[in-house]
file coords_14.pdb (PDB, N, CA and C atoms)
MODEL        1
ATOM      1  N   MET Z   1       0.842  -1.177   0.000
ATOM      2  CA  MET Z   1       0.000   0.000   0.000
ATOM      3  C   MET Z   1       0.892   1.246   0.000
ATOM      4  N   LEU Z   2       0.519   2.211  -0.786
ATOM      5  CA  LEU Z   2       1.217   3.484  -0.792
ATOM      6  C   LEU Z   2       0.900   4.238   0.487
ATOM      7  N   MET Z   3       1.896   4.936   1.006
ATOM      8  CA  MET Z   3       1.705   5.696   2.236
ATOM      9  C   MET Z   3       1.761   7.187   1.928
ATOM     10  N   ALA Z   4       0.829   7.931   2.446
ATOM     11  CA  ALA Z   4       0.819   9.380   2.269
ATOM     12  C   ALA Z   4       1.966   9.993   3.067
ATOM     13  N   HIS Z   5       2.507  11.062   2.561
ATOM     14  CA  HIS Z   5       3.580  11.777   3.245
ATOM     15  C   HIS Z   5       3.032  12.335   4.563
ATOM     16  N   PRO Z   6       3.819  12.309   5.638
ATOM     17  CA  PRO Z   6       3.353  12.830   6.922
ATOM     18  C   PRO Z   6       2.823  14.267   6.847
ATOM     19  N   ALA Z   7       3.406  15.108   6.000
ATOM     20  CA  ALA Z   7       2.926  16.487   5.877
ATOM     21  C   ALA Z   7       1.508  16.524   5.309
ATOM     22  N   VAL Z   8       1.210  15.616   4.390
ATOM     23  CA  VAL Z   8      -0.139  15.537   3.818
ATOM     24  C   VAL Z   8      -1.117  15.066   4.888
ATOM     25  N   LEU Z   9      -0.722  14.050   5.633
ATOM     26  CA  LEU Z   9      -1.590  13.539   6.696
ATOM     27  C   LEU Z   9      -1.854  14.609   7.754
ATOM     28  N   LYS Z  10      -0.812  15.326   8.126
ATOM     29  CA  LYS Z  10      -0.960  16.390   9.127
ATOM     30  C   LYS Z  10      -1.966  17.432   8.646
ATOM     31  N   ASP Z  11      -1.853  17.829   7.395
ATOM     32  CA  ASP Z  11      -2.768  18.819   6.829
ATOM     33  C   ASP Z  11      -4.204  18.296   6.810
ATOM     34  N   LEU Z  12      -4.387  17.052   6.410
ATOM     35  CA  LEU Z  12      -5.733  16.476   6.368
ATOM     36  C   LEU Z  12      -6.342  16.375   7.768
ATOM     37  N   VAL Z  13      -5.546  15.934   8.742
ATOM     38  CA  VAL Z  13      -6.049  15.839  10.124
ATOM     39  C   VAL Z  13      -6.459  17.233  10.622
ATOM     40  N   GLU Z  14      -5.617  18.224  10.363
ATOM     41  CA  GLU Z  14      -5.935  19.590  10.793
ATOM     42  C   GLU Z  14      -7.203  20.106  10.119
ATOM     43  N   GLN Z  15      -7.354  19.837   8.822
ATOM     44  CA  GLN Z  15      -8.560  20.266   8.123
ATOM     45  C   GLN Z  15      -9.802  19.610   8.717
ATOM     46  N   TYR Z  16      -9.717  18.300   8.947
ATOM     47  CA  TYR Z  16     -10.865  17.581   9.487
ATOM     48  C   TYR Z  16     -11.227  18.093  10.878
ATOM     49  N   GLU Z  17     -10.217  18.273  11.726
ATOM     50  CA  GLU Z  17     -10.480  18.748  13.088
ATOM     51  C   GLU Z  17     -11.071  20.158  13.080
ATOM     52  N   THR Z  18     -10.611  21.003  12.171
ATOM     53  CA  THR Z  18     -11.164  22.353  12.063
ATOM     54  C   THR Z  18     -12.621  22.298  11.621
ATOM     55  N   LEU Z  19     -12.901  21.494  10.607
ATOM     56  CA  LEU Z  19     -14.280  21.368  10.129
ATOM     57  C   LEU Z  19     -15.187  20.805  11.222
ATOM     58  N   ARG Z  20     -14.679  19.826  11.962
ATOM     59  CA  ARG Z  20     -15.474  19.246  13.050
ATOM     60  C   ARG Z  20     -15.721  20.274  14.154
ATOM     61  N   ALA Z  21     -14.691  21.058  14.483
ATOM     62  CA  ALA Z  21     -14.839  22.090  15.521
ATOM     63  C   ALA Z  21     -15.857  23.157  15.108
ATOM     64  N   LEU Z  22     -15.942  23.394  13.814
ATOM     65  CA  LEU Z  22     -16.902  24.380  13.302
ATOM     66  C   LEU Z  22     -18.277  23.765  13.047
ATOM     67  N   HIS Z  23     -18.436  22.489  13.407
ATOM     68  CA  HIS Z  23     -19.696  21.763  13.227
ATOM     69  C   HIS Z  23     -20.145  21.779  11.772
ATOM     70  N   ALA Z  24     -19.203  21.515  10.878
ATOM     71  CA  ALA Z  24     -19.494  21.522   9.445
ATOM     72  C   ALA Z  24     -20.562  20.504   9.066
ATOM     73  N   GLU Z  25     -20.646  19.416   9.831
ATOM     74  CA  GLU Z  25     -21.646  18.398   9.513
ATOM     75  C   GLU Z  25     -23.068  18.936   9.645
ATOM     76  N   ASP Z  26     -23.236  20.015  10.387
ATOM     77  CA  ASP Z  26     -24.552  20.644  10.553
ATOM     78  C   ASP Z  26     -24.680  21.926   9.734
ATOM     79  N   GLY Z  27     -23.668  22.236   8.945
ATOM     80  CA  GLY Z  27     -23.636  23.496   8.206
ATOM     81  C   GLY Z  27     -24.225  23.392   6.819
ATOM     82  N   THR Z  28     -23.708  24.223   5.944
ATOM     83  CA  THR Z  28     -24.185  24.276   4.568
ATOM     84  C   THR Z  28     -23.826  22.996   3.824
ATOM     85  N   ALA Z  29     -24.436  22.826   2.680
ATOM     86  CA  ALA Z  29     -24.135  21.662   1.857
ATOM     87  C   ALA Z  29     -22.660  21.658   1.460
ATOM     88  N   GLU Z  30     -22.113  22.825   1.191
ATOM     89  CA  GLU Z  30     -20.696  22.927   0.831
ATOM     90  C   GLU Z  30     -19.804  22.495   1.989
ATOM     91  N   ALA Z  31     -20.130  22.929   3.201
ATOM     92  CA  ALA Z  31     -19.329  22.571   4.380
ATOM     93  C   ALA Z  31     -19.397  21.068   4.636
ATOM     94  N   ARG Z  32     -20.594  20.498   4.530
ATOM     95  CA  ARG Z  32     -20.742  19.048   4.727
ATOM     96  C   ARG Z  32     -19.964  18.276   3.669
ATOM     97  N   GLN Z  33     -20.031  18.745   2.424
ATOM     98  CA  GLN Z  33     -19.315  18.066   1.357
ATOM     99  C   GLN Z  33     -17.810  18.136   1.565
ATOM    100  N   ARG Z  34     -17.321  19.300   1.997
ATOM    101  CA  ARG Z  34     -15.884  19.444   2.260
ATOM    102  C   ARG Z  34     -15.443  18.493   3.367
ATOM    103  N   MET Z  35     -16.252  18.384   4.423
ATOM    104  CA  MET Z  35     -15.919  17.482   5.527
ATOM    105  C   MET Z  35     -15.917  16.028   5.037
ATOM    106  N   ASN Z  36     -16.898  15.663   4.234
ATOM    107  CA  ASN Z  36     -16.950  14.305   3.677
ATOM    108  C   ASN Z  36     -15.756  14.035   2.773
ATOM    109  N   ASP Z  37     -15.361  15.029   1.978
ATOM    110  CA  ASP Z  37     -14.210  14.868   1.087
ATOM    111  C   ASP Z  37     -12.919  14.652   1.877
ATOM    112  N   VAL Z  38     -12.740  15.438   2.922
ATOM    113  CA  VAL Z  38     -11.530  15.303   3.737
ATOM    114  C   VAL Z  38     -11.537  13.948   4.445
ATOM    115  N   ALA Z  39     -12.691  13.536   4.966
ATOM    116  CA  ALA Z  39     -12.785  12.238   5.638
ATOM    117  C   ALA Z  39     -12.464  11.107   4.659
ATOM    118  N   TYR Z  40     -13.017  11.193   3.461
ATOM    119  CA  TYR Z  40     -12.746  10.168   2.447
ATOM    120  C   TYR Z  40     -11.259  10.122   2.105
ATOM    121  N   THR Z  41     -10.656  11.280   1.915
ATOM    122  CA  THR Z  41      -9.233  11.342   1.570
ATOM    123  C   THR Z  41      -8.377  10.772   2.693
ATOM    124  N   LEU Z  42      -8.745  11.060   3.936
ATOM    125  CA  LEU Z  42      -8.022  10.480   5.071
ATOM    126  C   LEU Z  42      -8.131   8.957   5.073
ATOM    127  N   CYS Z  43      -9.321   8.453   4.819
ATOM    128  CA  CYS Z  43      -9.511   7.001   4.796
ATOM    129  C   CYS Z  43      -8.677   6.358   3.687
ATOM    130  N   VAL Z  44      -8.712   6.927   2.497
ATOM    131  CA  VAL Z  44      -7.929   6.385   1.390
ATOM    132  C   VAL Z  44      -6.442   6.472   1.699
ATOM    133  N   SER Z  45      -6.020   7.592   2.267
ATOM    134  CA  SER Z  45      -4.598   7.819   2.554
ATOM    135  C   SER Z  45      -4.048   6.899   3.629
ATOM    136  N   THR Z  46      -4.921   6.389   4.485
ATOM    137  CA  THR Z  46      -4.475   5.537   5.587
ATOM    138  C   THR Z  46      -4.888   4.077   5.412
ATOM    139  N   GLY Z  47      -5.639   3.783   4.364
ATOM    140  CA  GLY Z  47      -6.080   2.409   4.129
ATOM    141  C   GLY Z  47      -7.110   1.936   5.122
ATOM    142  N   THR Z  48      -7.932   2.856   5.594
ATOM    143  CA  THR Z  48      -8.972   2.512   6.566
ATOM    144  C   THR Z  48     -10.347   2.746   5.949
ATOM    145  N   ARG Z  49     -11.385   2.360   6.694
ATOM    146  CA  ARG Z  49     -12.745   2.471   6.159
ATOM    147  C   ARG Z  49     -13.643   3.436   6.927
ATOM    148  N   ASP Z  50     -13.182   3.929   8.061
ATOM    149  CA  ASP Z  50     -13.991   4.912   8.793
ATOM    150  C   ASP Z  50     -13.082   6.000   9.340
ATOM    151  N   ILE Z  51     -13.674   7.148   9.591
ATOM    152  CA  ILE Z  51     -12.887   8.328   9.936
ATOM    153  C   ILE Z  51     -12.162   8.178  11.270
ATOM    154  N   ASP Z  52     -12.749   7.512  12.235
ATOM    155  CA  ASP Z  52     -12.074   7.333  13.523
ATOM    156  C   ASP Z  52     -10.783   6.531  13.353
ATOM    157  N   ALA Z  53     -10.856   5.439  12.608
ATOM    158  CA  ALA Z  53      -9.662   4.632  12.352
ATOM    159  C   ALA Z  53      -8.648   5.412  11.526
ATOM    160  N   ALA Z  54      -9.129   6.204  10.583
ATOM    161  CA  ALA Z  54      -8.244   7.006   9.736
ATOM    162  C   ALA Z  54      -7.486   8.037  10.562
ATOM    163  N   LEU Z  55      -8.172   8.687  11.485
ATOM    164  CA  LEU Z  55      -7.521   9.686  12.331
ATOM    165  C   LEU Z  55      -6.458   9.045  13.213
ATOM    166  N   ILE Z  56      -6.760   7.896  13.784
ATOM    167  CA  ILE Z  56      -5.782   7.193  14.617
ATOM    168  C   ILE Z  56      -4.576   6.786  13.780
ATOM    169  N   ALA Z  57      -4.829   6.198  12.616
ATOM    170  CA  ALA Z  57      -3.736   5.765  11.755
ATOM    171  C   ALA Z  57      -2.882   6.946  11.311
ATOM    172  N   ALA Z  58      -3.524   8.037  10.942
ATOM    173  CA  ALA Z  58      -2.780   9.222  10.491
ATOM    174  C   ALA Z  58      -1.925   9.775  11.618
ATOM    175  N   ARG Z  59      -2.484   9.874  12.798
ATOM    176  CA  ARG Z  59      -1.727  10.419  13.931
ATOM    177  C   ARG Z  59      -0.531   9.541  14.282
ATOM    178  N   HIS Z  60      -0.668   8.233  14.103
ATOM    179  CA  HIS Z  60       0.444   7.324  14.388
ATOM    180  C   HIS Z  60       1.575   7.491  13.397
ATOM    181  N   ARG Z  61       1.292   8.037  12.230
ATOM    182  CA  ARG Z  61       2.321   8.216  11.204
ATOM    183  C   ARG Z  61       2.965   9.594  11.239
ATOM    184  N   LEU Z  62       2.473  10.464  12.108
ATOM    185  CA  LEU Z  62       3.022  11.811  12.187
ATOM    186  C   LEU Z  62       4.312  11.824  13.002
ATOM    187  N   PRO Z  63       5.227  12.736  12.672
ATOM    188  CA  PRO Z  63       6.466  12.846  13.446
ATOM    189  C   PRO Z  63       6.155  13.081  14.925
ATOM    190  N   GLY Z  64       6.865  12.377  15.780
ATOM    191  CA  GLY Z  64       6.670  12.528  17.217
ATOM    192  C   GLY Z  64       5.607  11.619  17.792
ATOM    193  N   ALA Z  65       4.941  10.863  16.942
ATOM    194  CA  ALA Z  65       3.899   9.957  17.432
ATOM    195  C   ALA Z  65       4.542   8.827  18.217
ATOM    196  N   ARG Z  66       3.887   8.456  19.282
ATOM    197  CA  ARG Z  66       4.362   7.319  20.074
ATOM    198  C   ARG Z  66       3.586   6.094  19.615
ATOM    199  N   VAL Z  67       4.144   5.368  18.684
ATOM    200  CA  VAL Z  67       3.464   4.235  18.065
ATOM    201  C   VAL Z  67       3.077   3.178  19.087
ATOM    202  N   GLU Z  68       3.891   3.019  20.123
ATOM    203  CA  GLU Z  68       3.585   1.990  21.108
ATOM    204  C   GLU Z  68       2.392   2.357  21.983
ATOM    205  N   ASP Z  69       1.960   3.615  21.946
ATOM    206  CA  ASP Z  69       0.833   4.047  22.749
ATOM    207  C   ASP Z  69      -0.446   3.881  21.945
ATOM    208  N   ASP Z  70      -1.185   2.829  22.239
ATOM    209  CA  ASP Z  70      -2.436   2.588  21.507
ATOM    210  C   ASP Z  70      -3.642   2.863  22.412
ATOM    211  N   SER Z  71      -3.466   3.722  23.373
ATOM    212  CA  SER Z  71      -4.551   4.009  24.303
ATOM    213  C   SER Z  71      -5.771   4.583  23.594
ATOM    214  N   LEU Z  72      -5.581   5.205  22.429
ATOM    215  CA  LEU Z  72      -6.704   5.730  21.670
ATOM    216  C   LEU Z  72      -7.582   4.613  21.119
ATOM    217  N   LEU Z  73      -7.038   3.412  21.050
ATOM    218  CA  LEU Z  73      -7.787   2.304  20.483
ATOM    219  C   LEU Z  73      -8.710   1.655  21.494
ATOM    220  N   ILE Z  74      -8.561   1.965  22.770
ATOM    221  CA  ILE Z  74      -9.385   1.366  23.809
ATOM    222  C   ILE Z  74     -10.710   2.089  23.877
ATOM    223  N   ALA Z  75     -11.778   1.335  23.771
ATOM    224  CA  ALA Z  75     -13.115   1.963  23.776
ATOM    225  C   ALA Z  75     -13.654   2.113  25.163
TER     226      ALA Z  75
ENDMDL
END

call {"tool": "encode", "arguments": {"input": "coords_14.pdb", "output": "structure tokens"}}
result
Amino acid sequence: MLMAHPAVLKDLVEQYETLRALHAEDGTAEARQRMNDVAYTLCVSTGTRDIDAALIAARHRLPGARVEDDSLLIA
């Protein structure tokens, strides 16, 4: 599987978190579409099928990530 560059992943995570903080899912059609596009791109870039898994995978690939810390995976 091809791996996205960490800078790309960082940008996508930041975009998604910003859209989520602005409640884009409840906003205009354009805002919802942008959030869906970023979520889809994150999933494709990380080889995952849902946004929660994509965010975890992306964060694990960022510089400074503590890969051995999987506490985010505990429900």

call {"tool": "select_by_dssp", "arguments": {"input": "coords_14.pdb", "residues": "stretch 8-75 of chain Z", "states": "alpha helix (DSSP H)", "output": "PyMOL selection string"}}
result
chain Z and resi 8-21+29-46+51-61

call {"tool": "resolve_selection", "arguments": {"input": "coords_14.pdb", "expression": "the PyMOL selection byres ((chain Z and resi 44-55) around 8)", "output": "JSON, numbers by chain"}}
result
{"Z": [1, 2, 3, 4, 5, 9, 13, 38, 39, 40, 41, 42, 43, 56, 57, 58, 59, 60, 61]}

call {"tool": "write_last_selection", "arguments": {"input": "coords_14.pdb", "atoms": "N, CA and C atoms", "output": "JSON list (two decimals), in the frame of the given file"}}
result
[["chain", "number", "residue", "atom", "x", "y", "z"],
["Z", 1, "MET", "N", 0.84, -1.18, 0.00],
["Z", 1, "MET", "CA", 0.00, 0.00, 0.00],
["Z", 1, "MET", "C", 0.89, 1.25, 0.00],
["Z", 2, "LEU", "N", 0.52, 2.21, -0.79],
["Z", 2, "LEU", "CA", 1.22, 3.48, -0.79],
["Z", 2, "LEU", "C", 0.90, 4.24, 0.49],
["Z", 3, "MET", "N", 1.90, 4.94, 1.01],
["Z", 3, "MET", "CA", 1.70, 5.70, 2.24],
["Z", 3, "MET", "C", 1.76, 7.19, 1.93],
["Z", 4, "ALA", "N", 0.83, 7.93, 2.45],
["Z", 4, "ALA", "CA", 0.82, 9.38, 2.27],
["Z", 4, "ALA", "C", 1.97, 9.99, 3.07],
["Z", 5, "HIS", "N", 2.51, 11.06, 2.56],
["Z", 5, "HIS", "CA", 3.58, 11.78, 3.24],
["Z", 5, "HIS", "C", 3.03, 12.34, 4.56],
["Z", 9, "LEU", "N", -0.72, 14.05, 5.63],
["Z", 9, "LEU", "CA", -1.59, 13.54, 6.70],
["Z", 9, "LEU", "C", -1.85, 14.61, 7.75],
["Z", 13, "VAL", "N", -5.55, 15.93, 8.74],
["Z", 13, "VAL", "CA", -6.05, 15.84, 10.12],
["Z", 13, "VAL", "C", -6.46, 17.23, 10.62],
["Z", 38, "VAL", "N", -12.74, 15.44, 2.92],
["Z", 38, "VAL", "CA", -11.53, 15.30, 3.74],
["Z", 38, "VAL", "C", -11.54, 13.95, 4.44],
["Z", 39, "ALA", "N", -12.69, 13.54, 4.97],
["Z", 39, "ALA", "CA", -12.78, 12.24, 5.64],
["Z", 39, "ALA", "C", -12.46, 11.11, 4.66],
["Z", 40, "TYR", "N", -13.02, 11.19, 3.46],
["Z", 40, "TYR", "CA", -12.75, 10.17, 2.45],
["Z", 40, "TYR", "C", -11.26, 10.12, 2.10],
["Z", 41, "THR", "N", -10.66, 11.28, 1.92],
["Z", 41, "THR", "CA", -9.23, 11.34, 1.57],
["Z", 41, "THR", "C", -8.38, 10.77, 2.69],
["Z", 42, "LEU", "N", -8.74, 11.06, 3.94],
["Z", 42, "LEU", "CA", -8.02, 10.48, 5.07],
["Z", 42, "LEU", "C", -8.13, 8.96, 5.07],
["Z", 43, "CYS", "N", -9.32, 8.45, 4.82],
["Z", 43, "CYS", "CA", -9.51, 7.00, 4.80],
["Z", 43, "CYS", "C", -8.68, 6.36, 3.69],
["Z", 56, "ILE", "N", -6.76, 7.90, 13.78],
["Z", 56, "ILE", "CA", -5.78, 7.19, 14.62],
["Z", 56, "ILE", "C", -4.58, 6.79, 13.78],
["Z", 57, "ALA", "N", -4.83, 6.20, 12.62],
["Z", 57, "ALA", "CA", -3.74, 5.76, 11.76],
["Z", 57, "ALA", "C", -2.88, 6.95, 11.31],
["Z", 58, "ALA", "N", -3.52, 8.04, 10.94],
["Z", 58, "ALA", "CA", -2.78, 9.22, 10.49],
["Z", 58, "ALA", "C", -1.92, 9.78, 11.62],
["Z", 59, "ARG", "N", -2.48, 9.87, 12.80],
["Z", 59, "ARG", "CA", -1.73, 10.42, 13.93],
["Z", 59, "ARG", "C", -0.53, 9.54, 14.28],
["Z", 60, "HIS", "N", -0.67, 8.23, 14.10],
["Z", 60, "HIS", "CA", 0.44, 7.32, 14.39],
["Z", 60, "HIS", "C", 1.58, 7.49, 13.40],
["Z", 61, "ARG", "N", 1.29, 8.04, 12.23],
["Z", 61, "ARG", "CA", 2.32, 8.22, 11.20],
["Z", 61, "ARG", "C", 2.96, 9.59, 11.24]]

call {"tool": "atom_distance", "arguments": {"input": "coords_14.pdb", "atom1": "atom CA of Z:Gly64", "atom2": "atom CA of Z:Pro6"}}
result
10.8 Å

call {"tool": "atom_distance", "arguments": {"input": "coords_14.pdb", "atom1": "atom CA of Z:Pro63", "atom2": "atom CA of Z:Ala24"}}
result
27.7 Å

call {"tool": "atom_distance", "arguments": {"input": "coords_14.pdb", "atom1": "atom N of Z:Ala31", "atom2": "atom C of Z:Thr18"}}
result
11.3 Å

call {"tool": "closest_residue", "arguments": {"input": "coords_14.pdb", "among": "Z:Thr28, Z:Leu62, Z:Asp37, Z:Ala21", "to": "Z:Ala7", "atoms": "all atoms listed in the file"}}
result
Z:Leu62

call {"tool": "residues_around", "arguments": {"input": "coords_14.pdb", "residues": "Z:Leu22", "least_positions_apart": "5", "cutoff": "12 Å", "atoms": "only C-alpha atoms", "output": "PyMOL selection string"}}
result
chain Z and resi 15-17+27-28+31-32+35

call {"tool": "decode", "arguments": {"input": "coords_14.pdb", "residues": "stretch 17-35 of chain Z", "atoms": "N, CA and C atoms", "output": "short mmCIF file (atom, residue, chain, number, x, y, z; two decimals), in the first residue's frame"}}
result
data_model
loop_
_atom_site.label_atom_id
_atom_site.label_comp_id
_atom_site.auth_asym_id
_atom_site.auth_seq_id
_atom_site.Cartn_x
_atom_site.Cartn_y
_atom_site.Cartn_z
N GLU Z 17 -10.22 18.27 11.73
CA GLU Z 17 -10.48 18.75 13.09
C GLU Z 17 -11.07 20.16 13.08
N THR Z 18 -10.61 21.00 12.17
CA THR Z 18 -11.16 22.35 12.06
C THR Z 18 -12.62 22.30 11.62
N LEU Z 19 -12.90 21.49 10.61
CA LEU Z 19 -14.28 21.37 10.13
C LEU Z 19 -15.19 20.81 11.22
N ARG Z 20 -14.68 19.83 11.96
CA ARG Z 20 -15.47 19.25 13.05
C ARG Z 20 -15.72 20.27 14.15
N ALA Z 21 -14.69 21.06 14.48
CA ALA Z 21 -14.84 22.09 15.52
C ALA Z 21 -15.86 23.16 15.11
N LEU Z 22 -15.94 23.39 13.81
CA LEU Z 22 -16.90 24.38 13.30
C LEU Z 22 -18.28 23.76 13.05
N HIS Z 23 -18.44 22.49 13.41
CA HIS Z 23 -19.70 21.76 13.23
C HIS Z 23 -20.14 21.78 11.77
N ALA Z 24 -19.20 21.52 10.88
CA ALA Z 24 -19.49 21.52 9.44
C ALA Z 24 -20.56 20.50 9.07
N GLU Z 25 -20.65 19.42 9.83
CA GLU Z 25 -21.65 18.40 9.51
C GLU Z 25 -23.07 18.94 9.64
N ASP Z 26 -23.24 20.02 10.39
CA ASP Z 26 -24.55 20.64 10.55
C ASP Z 26 -24.68 21.93 9.73
N GLY Z 27 -23.67 22.24 8.95
CA GLY Z 27 -23.64 23.50 8.21
C GLY Z 27 -24.22 23.39 6.82
N THR Z 28 -23.71 24.22 5.94
CA THR Z 28 -24.19 24.28 4.57
C THR Z 28 -23.83 23.00 3.82
N ALA Z 29 -24.44 22.83 2.68
CA ALA Z 29 -24.13 21.66 1.86
C ALA Z 29 -22.66 21.66 1.46
N GLU Z 30 -22.11 22.83 1.19
CA GLU Z 30 -20.70 22.93 0.83
C GLU Z 30 -19.80 22.50 1.99
N ALA Z 31 -20.13 22.93 3.20
CA ALA Z 31 -19.33 22.57 4.38
C ALA Z 31 -19.40 21.07 4.64
N ARG Z 32 -20.59 20.50 4.53
CA ARG Z 32 -20.74 19.05 4.73
C ARG Z 32 -19.96 18.28 3.67
N GLN Z 33 -20.03 18.74 2.42
CA GLN Z 33 -19.31 18.07 1.36
C GLN Z 33 -17.81 18.14 1.56
N ARG Z 34 -17.32 19.30 2.00
CA ARG Z 34 -15.88 19.44 2.26
C ARG Z 34 -15.44 18.49 3.37
N MET Z 35 -16.25 18.38 4.42
CA MET Z 35 -15.92 17.48 5.53
C MET Z 35 -15.92 16.03 5.04
#
